[in-house]
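Have a look at the structure below, then the notes.
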Amino acid sequence: MHTLSLPYPDDLLVTSGKAPQALEEELAFLLAAKLFEVRRLSLGKAAEFCRMSKLRFMFELGRLQVPVINLDDDQIADELRDD
């Protein structure tokens with residue numbers, strides 16, 4: 001597995017009001033959400049990317065008003081299969 005290292009300023013911690021680990025988890029989720037939204041990752045792979053269950057990832061997408069179902073028929077069938 002490859003690793004992405006992303007530097008961020010201390011100001012981001014201050015303005016977010018989050019601990020470093022919580023901020024990094026949020027950033028990973030936001031990246032996964034965007035990659036899902038632009039169809040670069042499937043729902044399952046995006047959830048895996050940010051270390052969430054599919055159900056929680058879907059819930060969090062809903063909070064951002066990102067449509068969960070943006071798939072064609074074949075992709076929907078793949079997503080409905082159990083992992």
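Chain identifiers are assigned as A, B, and so on, following the order in which chains appear in the structure tokens; residues are numbered from 1 within each chain, and ligands are numbered from 1 in order of appearance.
Within 12 Å of A:Gln75, once only C-alpha atoms are used and residues closer than 3 positions along the same chain are dropped, the contacting residues are Arg39, Leu41, Ser42, Leu43, Gly44, Ile69, Asn70, Leu71, Asp72, Asp78, Glu79, Leu80 and Arg81 of chain A.
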Task: Near-stretch 23-37 of chain A list (7 Å; only C-alpha atoms; drop same-chain fewer than 6 positions) as a PyMOL selection string - done: chain A and resi 43+46+49-50+61+66
- [ ] Would you please give, as a PyMOL selection string, all residues of chain A that DSSP assigns to helix (DSSP H, G or I) based on the backbone?
- [x] chain A and resi 10-16+20-37+43-49+54-63+73-80
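For the pair atom CA of A:Val38 and atom CA of A:Val68, the interatomic distance is 11.7 Å.
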TODO: Would you work out the distance separating atom CA of A:Gln21 from atom CA of A:Gln65, expressed in Å to one decimal?
DONE: 24.3 Å
Open item on the list: What's the separation between atom CA of A:Arg40 and atom CA of A:Gly62, in Å to one decimal place?
Closed with: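 Computing the Euclidean distance for atom CA of A:Arg40 and atom CA of A:Gly62 yields 18.5 Å.
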